[in-house]
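Colleague: For reference, the file protein.pdb (PDB, C-alpha atoms, pLDDT in the B column) is included below:
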```pdb
ATOM      1  CA  MET A   1      -5.744 -82.686 -27.090  1.00 41.00           C
ATOM      2  CA  ASN A   2      -2.359 -83.974 -25.844  1.00 46.00           C
ATOM      3  CA  ILE A   3       0.409 -81.742 -24.558  1.00 48.00           C
ATOM      4  CA  LYS A   4       2.819 -80.811 -27.348  1.00 41.00           C
ATOM      5  CA  PHE A   5       5.648 -78.391 -27.934  1.00 44.00           C
ATOM      6  CA  ILE A   6       8.740 -77.795 -30.005  1.00 43.00           C
ATOM      7  CA  THR A   7      12.083 -76.650 -28.571  1.00 46.00           C
ATOM      8  CA  ASP A   8      14.737 -74.493 -30.190  1.00 43.00           C
ATOM      9  CA  SER A   9      17.883 -74.482 -28.079  1.00 58.00           C
ATOM     10  CA  PHE A  10      21.315 -75.966 -27.532  1.00 61.00           C
ATOM     11  CA  PHE A  11      19.546 -79.024 -26.124  1.00 67.00           C
ATOM     12  CA  SER A  12      20.027 -80.523 -29.599  1.00 71.00           C
ATOM     13  CA  ASP A  13      22.961 -82.567 -28.238  1.00 75.00           C
ATOM     14  CA  ALA A  14      21.052 -83.699 -25.142  1.00 81.00           C
ATOM     15  CA  THR A  15      19.684 -87.163 -24.450  1.00 83.00           C
ATOM     16  CA  PRO A  16      15.969 -86.649 -23.755  1.00 81.00           C
ATOM     17  CA  THR A  17      13.523 -88.897 -21.903  1.00 82.00           C
ATOM     18  CA  ALA A  18       9.835 -88.361 -21.194  1.00 84.00           C
ATOM     19  CA  SER A  19       7.129 -89.758 -18.974  1.00 84.00           C
ATOM     20  CA  THR A  20       5.160 -90.711 -22.106  1.00 81.00           C
ATOM     21  CA  SER A  21       5.228 -90.132 -25.857  1.00 82.00           C
ATOM     22  CA  ALA A  22       2.332 -90.384 -28.292  1.00 80.00           C
ATOM     23  CA  ALA A  23       2.781 -92.650 -31.300  1.00 84.00           C
ATOM     24  CA  GLY A  24       4.636 -90.814 -34.060  1.00 82.00           C
ATOM     25  CA  PHE A  25       5.817 -88.019 -31.718  1.00 80.00           C
ATOM     26  CA  PRO A  26       8.960 -89.306 -29.921  1.00 81.00           C
ATOM     27  CA  VAL A  27      10.733 -87.206 -27.291  1.00 82.00           C
ATOM     28  CA  THR A  28      13.823 -87.084 -29.543  1.00 78.00           C
ATOM     29  CA  ASN A  29      11.832 -84.641 -31.710  1.00 75.00           C
ATOM     30  CA  THR A  30      12.443 -82.013 -29.002  1.00 74.00           C
ATOM     31  CA  THR A  31      16.137 -81.933 -29.890  1.00 72.00           C
ATOM     32  CA  ILE A  32      15.808 -81.400 -33.664  1.00 62.00           C
ATOM     33  CA  ILE A  33      17.122 -78.026 -34.831  1.00 59.00           C
ATOM     34  CA  PRO A  34      15.763 -76.179 -36.736  1.00 56.00           C
ATOM     35  CA  ILE A  35      12.291 -76.793 -35.374  1.00 60.00           C
ATOM     36  CA  LYS A  36      10.623 -79.293 -37.678  1.00 59.00           C
ATOM     37  CA  LYS A  37       8.976 -81.917 -35.505  1.00 61.00           C
ATOM     38  CA  GLN A  38       6.888 -82.115 -32.360  1.00 67.00           C
ATOM     39  CA  TRP A  39       6.820 -84.168 -29.195  1.00 70.00           C
ATOM     40  CA  ARG A  40       3.462 -85.067 -27.691  1.00 68.00           C
ATOM     41  CA  SER A  41       2.622 -86.695 -24.439  1.00 75.00           C
ATOM     42  CA  SER A  42       0.275 -89.665 -24.671  1.00 74.00           C
ATOM     43  CA  VAL A  43      -1.713 -88.326 -21.703  1.00 73.00           C
ATOM     44  CA  ASN A  44      -3.646 -85.106 -21.201  1.00 69.00           C
ATOM     45  CA  THR A  45      -2.608 -84.329 -17.625  1.00 73.00           C
ATOM     46  CA  ALA A  46       0.769 -84.617 -15.873  1.00 84.00           C
ATOM     47  CA  SER A  47       3.911 -85.292 -17.899  1.00 89.00           C
ATOM     48  CA  TRP A  48       7.623 -84.620 -17.602  1.00 90.00           C
ATOM     49  CA  LEU A  49      10.682 -84.211 -19.782  1.00 89.00           C
ATOM     50  CA  LYS A  50      14.245 -84.818 -18.662  1.00 93.00           C
ATOM     51  CA  TYR A  51      17.419 -83.838 -20.498  1.00 91.00           C
ATOM     52  CA  ASP A  52      20.954 -85.106 -19.987  1.00 93.00           C
ATOM     53  CA  LEU A  53      23.208 -82.497 -21.569  1.00 92.00           C
ATOM     54  CA  GLY A  54      26.178 -84.877 -21.374  1.00 93.00           C
ATOM     55  CA  GLU A  55      28.142 -82.341 -19.329  1.00 94.00           C
ATOM     56  CA  ALA A  56      27.374 -79.264 -17.271  1.00 94.00           C
ATOM     57  CA  LYS A  57      26.407 -76.302 -19.448  1.00 90.00           C
ATOM     58  CA  GLU A  58      25.661 -72.756 -18.397  1.00 88.00           C
ATOM     59  CA  ILE A  59      21.992 -71.928 -18.867  1.00 86.00           C
ATOM     60  CA  ASP A  60      20.367 -68.560 -18.175  1.00 82.00           C
ATOM     61  CA  SER A  61      16.968 -69.099 -19.790  1.00 81.00           C
ATOM     62  CA  PHE A  62      14.607 -71.881 -20.796  1.00 83.00           C
ATOM     63  CA  LEU A  63      12.090 -71.398 -23.612  1.00 77.00           C
ATOM     64  CA  LEU A  64       9.483 -73.657 -25.185  1.00 77.00           C
ATOM     65  CA  SER A  65       7.888 -72.440 -28.380  1.00 73.00           C
ATOM     66  CA  PHE A  66       4.820 -73.449 -30.365  1.00 71.00           C
ATOM     67  CA  HIS A  67       3.125 -75.199 -27.436  1.00 77.00           C
ATOM     68  CA  ASN A  68      -0.556 -75.822 -26.838  1.00 79.00           C
ATOM     69  CA  PHE A  69      -0.651 -75.371 -23.058  1.00 81.00           C
ATOM     70  CA  SER A  70      -3.882 -74.128 -21.533  1.00 82.00           C
ATOM     71  CA  ASP A  71      -4.069 -71.001 -19.376  1.00 79.00           C
ATOM     72  CA  SER A  72      -4.133 -73.220 -16.290  1.00 83.00           C
ATOM     73  CA  ALA A  73      -0.981 -75.178 -17.175  1.00 85.00           C
ATOM     74  CA  VAL A  74       1.765 -75.336 -14.536  1.00 87.00           C
ATOM     75  CA  LEU A  75       5.357 -75.863 -15.707  1.00 88.00           C
ATOM     76  CA  ARG A  76       8.245 -76.171 -13.268  1.00 91.00           C
ATOM     77  CA  LEU A  77      11.916 -76.517 -14.176  1.00 93.00           C
ATOM     78  CA  TYR A  78      14.618 -78.194 -12.077  1.00 95.00           C
ATOM     79  CA  GLY A  79      18.345 -78.575 -12.696  1.00 96.00           C
ATOM     80  CA  ASN A  80      21.024 -80.676 -11.026  1.00 97.00           C
ATOM     81  CA  SER A  81      24.563 -81.963 -11.582  1.00 98.00           C
ATOM     82  CA  THR A  82      23.374 -85.592 -11.279  1.00 98.00           C
ATOM     83  CA  ASP A  83      20.241 -87.427 -12.391  1.00 97.00           C
ATOM     84  CA  LEU A  84      17.560 -87.410  -9.695  1.00 98.00           C
ATOM     85  CA  GLY A  85      15.308 -89.869 -11.517  1.00 96.00           C
ATOM     86  CA  SER A  86      11.816 -89.568 -12.947  1.00 94.00           C
ATOM     87  CA  ASN A  87       9.902 -88.666  -9.786  1.00 93.00           C
ATOM     88  CA  GLU A  88       9.319 -84.928  -9.380  1.00 93.00           C
ATOM     89  CA  SER A  89       9.393 -85.236  -5.587  1.00 95.00           C
ATOM     90  CA  ASN A  90      13.105 -86.188  -5.813  1.00 96.00           C
ATOM     91  CA  TRP A  91      13.802 -83.053  -7.849  1.00 96.00           C
ATOM     92  CA  ILE A  92      11.782 -80.894  -5.436  1.00 94.00           C
ATOM     93  CA  ALA A  93      13.750 -82.263  -2.471  1.00 95.00           C
ATOM     94  CA  SER A  94      17.281 -82.306  -3.904  1.00 96.00           C
ATOM     95  CA  ALA A  95      17.726 -80.259  -7.097  1.00 96.00           C
ATOM     96  CA  SER A  96      20.434 -77.587  -7.147  1.00 96.00           C
ATOM     97  CA  PHE A  97      18.085 -75.333  -9.127  1.00 94.00           C
ATOM     98  CA  ALA A  98      14.298 -75.197  -8.882  1.00 93.00           C
ATOM     99  CA  THR A  99      11.793 -72.658 -10.105  1.00 88.00           C
ATOM    100  CA  ASN A 100       9.970 -71.018  -7.228  1.00 66.00           C
ATOM    101  CA  ASN A 101       7.109 -70.214  -9.553  1.00 63.00           C
ATOM    102  CA  GLN A 102       5.866 -71.773 -12.722  1.00 73.00           C
ATOM    103  CA  LEU A 103       7.275 -70.709 -16.085  1.00 78.00           C
ATOM    104  CA  SER A 104       5.443 -67.754 -17.597  1.00 80.00           C
ATOM    105  CA  ILE A 105       3.217 -68.909 -20.432  1.00 80.00           C
ATOM    106  CA  ASP A 106       1.745 -66.920 -23.289  1.00 77.00           C
ATOM    107  CA  ARG A 107       0.183 -68.002 -26.566  1.00 73.00           C
ATOM    108  CA  SER A 108       3.375 -69.090 -28.270  1.00 73.00           C
ATOM    109  CA  VAL A 109       6.173 -69.314 -25.679  1.00 77.00           C
ATOM    110  CA  ALA A 110       6.650 -70.718 -22.194  1.00 81.00           C
ATOM    111  CA  ALA A 111       9.681 -68.998 -20.694  1.00 80.00           C
ATOM    112  CA  LEU A 112      11.905 -68.799 -17.658  1.00 84.00           C
ATOM    113  CA  TYR A 113      14.646 -66.182 -17.452  1.00 81.00           C
ATOM    114  CA  MET A 114      17.010 -66.983 -14.588  1.00 84.00           C
ATOM    115  CA  ASP A 115      18.441 -64.352 -12.253  1.00 84.00           C
ATOM    116  CA  SER A 116      21.869 -65.974 -12.563  1.00 89.00           C
ATOM    117  CA  PRO A 117      23.213 -68.614 -14.984  1.00 88.00           C
ATOM    118  CA  GLN A 118      23.090 -72.230 -13.831  1.00 93.00           C
ATOM    119  CA  ASN A 119      25.945 -74.573 -14.774  1.00 95.00           C
ATOM    120  CA  LEU A 120      24.257 -78.002 -14.600  1.00 95.00           C
ATOM    121  CA  ARG A 121      24.063 -81.219 -16.614  1.00 95.00           C
ATOM    122  CA  TRP A 122      20.559 -82.576 -15.862  1.00 96.00           C
ATOM    123  CA  TRP A 123      17.282 -80.706 -16.430  1.00 95.00           C
ATOM    124  CA  PHE A 124      13.772 -81.866 -15.515  1.00 95.00           C
ATOM    125  CA  LEU A 125      10.582 -80.135 -16.682  1.00 91.00           C
ATOM    126  CA  SER A 126       7.303 -80.956 -14.926  1.00 91.00           C
ATOM    127  CA  ILE A 127       4.144 -80.286 -16.958  1.00 88.00           C
ATOM    128  CA  VAL A 128       0.678 -80.332 -15.438  1.00 87.00           C
ATOM    129  CA  ASP A 129      -2.175 -79.362 -17.737  1.00 85.00           C
ATOM    130  CA  SER A 130      -5.769 -80.349 -18.338  1.00 74.00           C
TER     131      SER A 130
END
```
Let me see the structure of the file written as C-alpha cells.
Modeller:
Amino acid sequence: MNIKFITDSFFSDATPTASTSAAGFPVTNTTIIPIKKQWRSSVNTASWLKYDLGEAKEIDSFLLSFHNFSDSAVLRLYGNSTDLGSNESNWIASASFATNNQLSIDRSVAALYMDSPQNLRWWFLSIVDS
C-alpha cells in the first residue's frame, strides 16, 4: 500500500511538488478544496512534499486528514522563507522552523499544533513509513 493522504487547508493556492507520485494521483490533488482527490507516493517508504505558498503566510497548525500512515510512520515538518531544495538534510540544517518531534498521528488525522505562528513561504513535509 502506497502512502496517501488528502489535505484541507489554505494550501489550495500553493504550488506543490513531491518526491514521487503514483500514476493517477498527482501531487496537485493535495491542493483541491473541498477534499475530493488523493495524492499517493509511488514508493512505500520515504517520501516528501514541498509547498510554495507564493508568499509568506502565518501558519499555526498543520493537519493531514484521511491518511493511511502506519503506527510507525514518522512525519516531520519544516518551514523557511526560501526554498531549501528537495533534500531533507538541507531543511534540517537551515530551516527557520523545524518540528522537534514527529507530527502526532491517529487513525484519521496527522497534526502539528505550533506553540507560536510561523510566517513563512516554503513548507517541506518528510514522510517515512513502511
Colleague: Excluding stretch 121-129 of chain A and residues on its chain fewer than 5 positions from it, collect all residues at most 8 Å away from it, counting only C-alpha atoms, and give them as a ChimeraX atom specification.
Modeller: /A:3,44-57,69-70,72-83,88,91
Colleague: Which residues fall under the PyMOL selection byres ((chain A and resi 103) around 7) in this file, as a VMD selection string?
Modeller: chain A and resid 75 to 76 101 to 102 104 to 105 110 to 112
Colleague: Store the residues picked out above in a file with C-alpha atoms, as a compact mmCIF listing (two decimals), keeping the file's coordinate frame.
Modeller:
```txt
# COMPACT_ATOMS: atom_id res chain seq x y z
CA LEU A 75 5.36 -75.86 -15.71
CA ARG A 76 8.24 -76.17 -13.27
CA ASN A 101 7.11 -70.21 -9.55
CA GLN A 102 5.87 -71.77 -12.72
CA SER A 104 5.44 -67.75 -17.60
CA ILE A 105 3.22 -68.91 -20.43
CA ALA A 110 6.65 -70.72 -22.19
CA ALA A 111 9.68 -69.00 -20.69
CA LEU A 112 11.90 -68.80 -17.66
```
Colleague: Which residues are close to A:Ser42, i.e. within 6 Å by only C-alpha atoms, leaving aside same-chain residues fewer than 6 positions away? Reply as a list of chain:residue names.
Modeller: A:Thr20, A:Ser21, A:Ala22
Colleague: Pull C-alpha atoms from the residues just selected and write them as an mmCIF file, keeping the file's coordinate frame.
Modeller:
```cif
data_model
loop_
_atom_site.group_PDB
_atom_site.id
_atom_site.type_symbol
_atom_site.label_atom_id
_atom_site.label_comp_id
_atom_site.auth_asym_id
_atom_site.auth_seq_id
_atom_site.Cartn_x
_atom_site.Cartn_y
_atom_site.Cartn_z
ATOM 1 C CA THR A 20 5.160 -90.711 -22.106
ATOM 2 C CA SER A 21 5.228 -90.132 -25.857
ATOM 3 C CA ALA A 22 2.332 -90.384 -28.292
#
```
Colleague: Quick one: pull the distance between atom CA of A:Ala95 and atom CA of A:Phe62, Å, one decimal.
Modeller: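 About the pair atom CA of A:Ala95 and atom CA of A:Phe62: they are 16.4 Å apart.
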Colleague: So how far away is atom CA of A:Ser94 from atom CA of A:Val109, in Å?
Modeller: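 A separation of 27.7 Å between them.
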Colleague: For A:Asn29, which of A:Ser130, A:Asn90, A:Ser12, A:Ser61 is the closest residue, counting only C-alpha atoms?
Modeller: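 For A:Asn29, the nearest of the candidates is A:Ser12.
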Colleague: For the atom pair atom CA of A:Tyr113 and atom CA of A:Leu64, what is the interatomic distance in Å to one decimal place?
Modeller: 11.9 Å
Colleague: Apply the PyMOL selection byres ((chain A and resi 115-119) around 6) to the file shown and report the selected residues as a VMD selection string.
Modeller: chain A and resid 56 to 60 114 120
Colleague: Please determine, counting all atoms listed in the file, which residue among A:Thr99, A:Ser86, A:Ser108, A:Ser65 has the shortest atom-to-atom distance to A:Pro16.
Modeller: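 With all atoms listed in the file as the atom set, the closest residue is A:Ser86.
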Colleague: Under the rule that only C-alpha atoms are counted, which of A:Asp71, A:Val43, A:Val27, A:Ala93 is the nearest residue to A:Ala14?
Modeller: A:Val27
Colleague: Closest to A:Phe25 among A:Phe97, A:Ser41, A:Asp106, A:Ser89, using only C-alpha atoms?
Modeller: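 With only C-alpha atoms as the atom set, the closest residue is A:Ser41.
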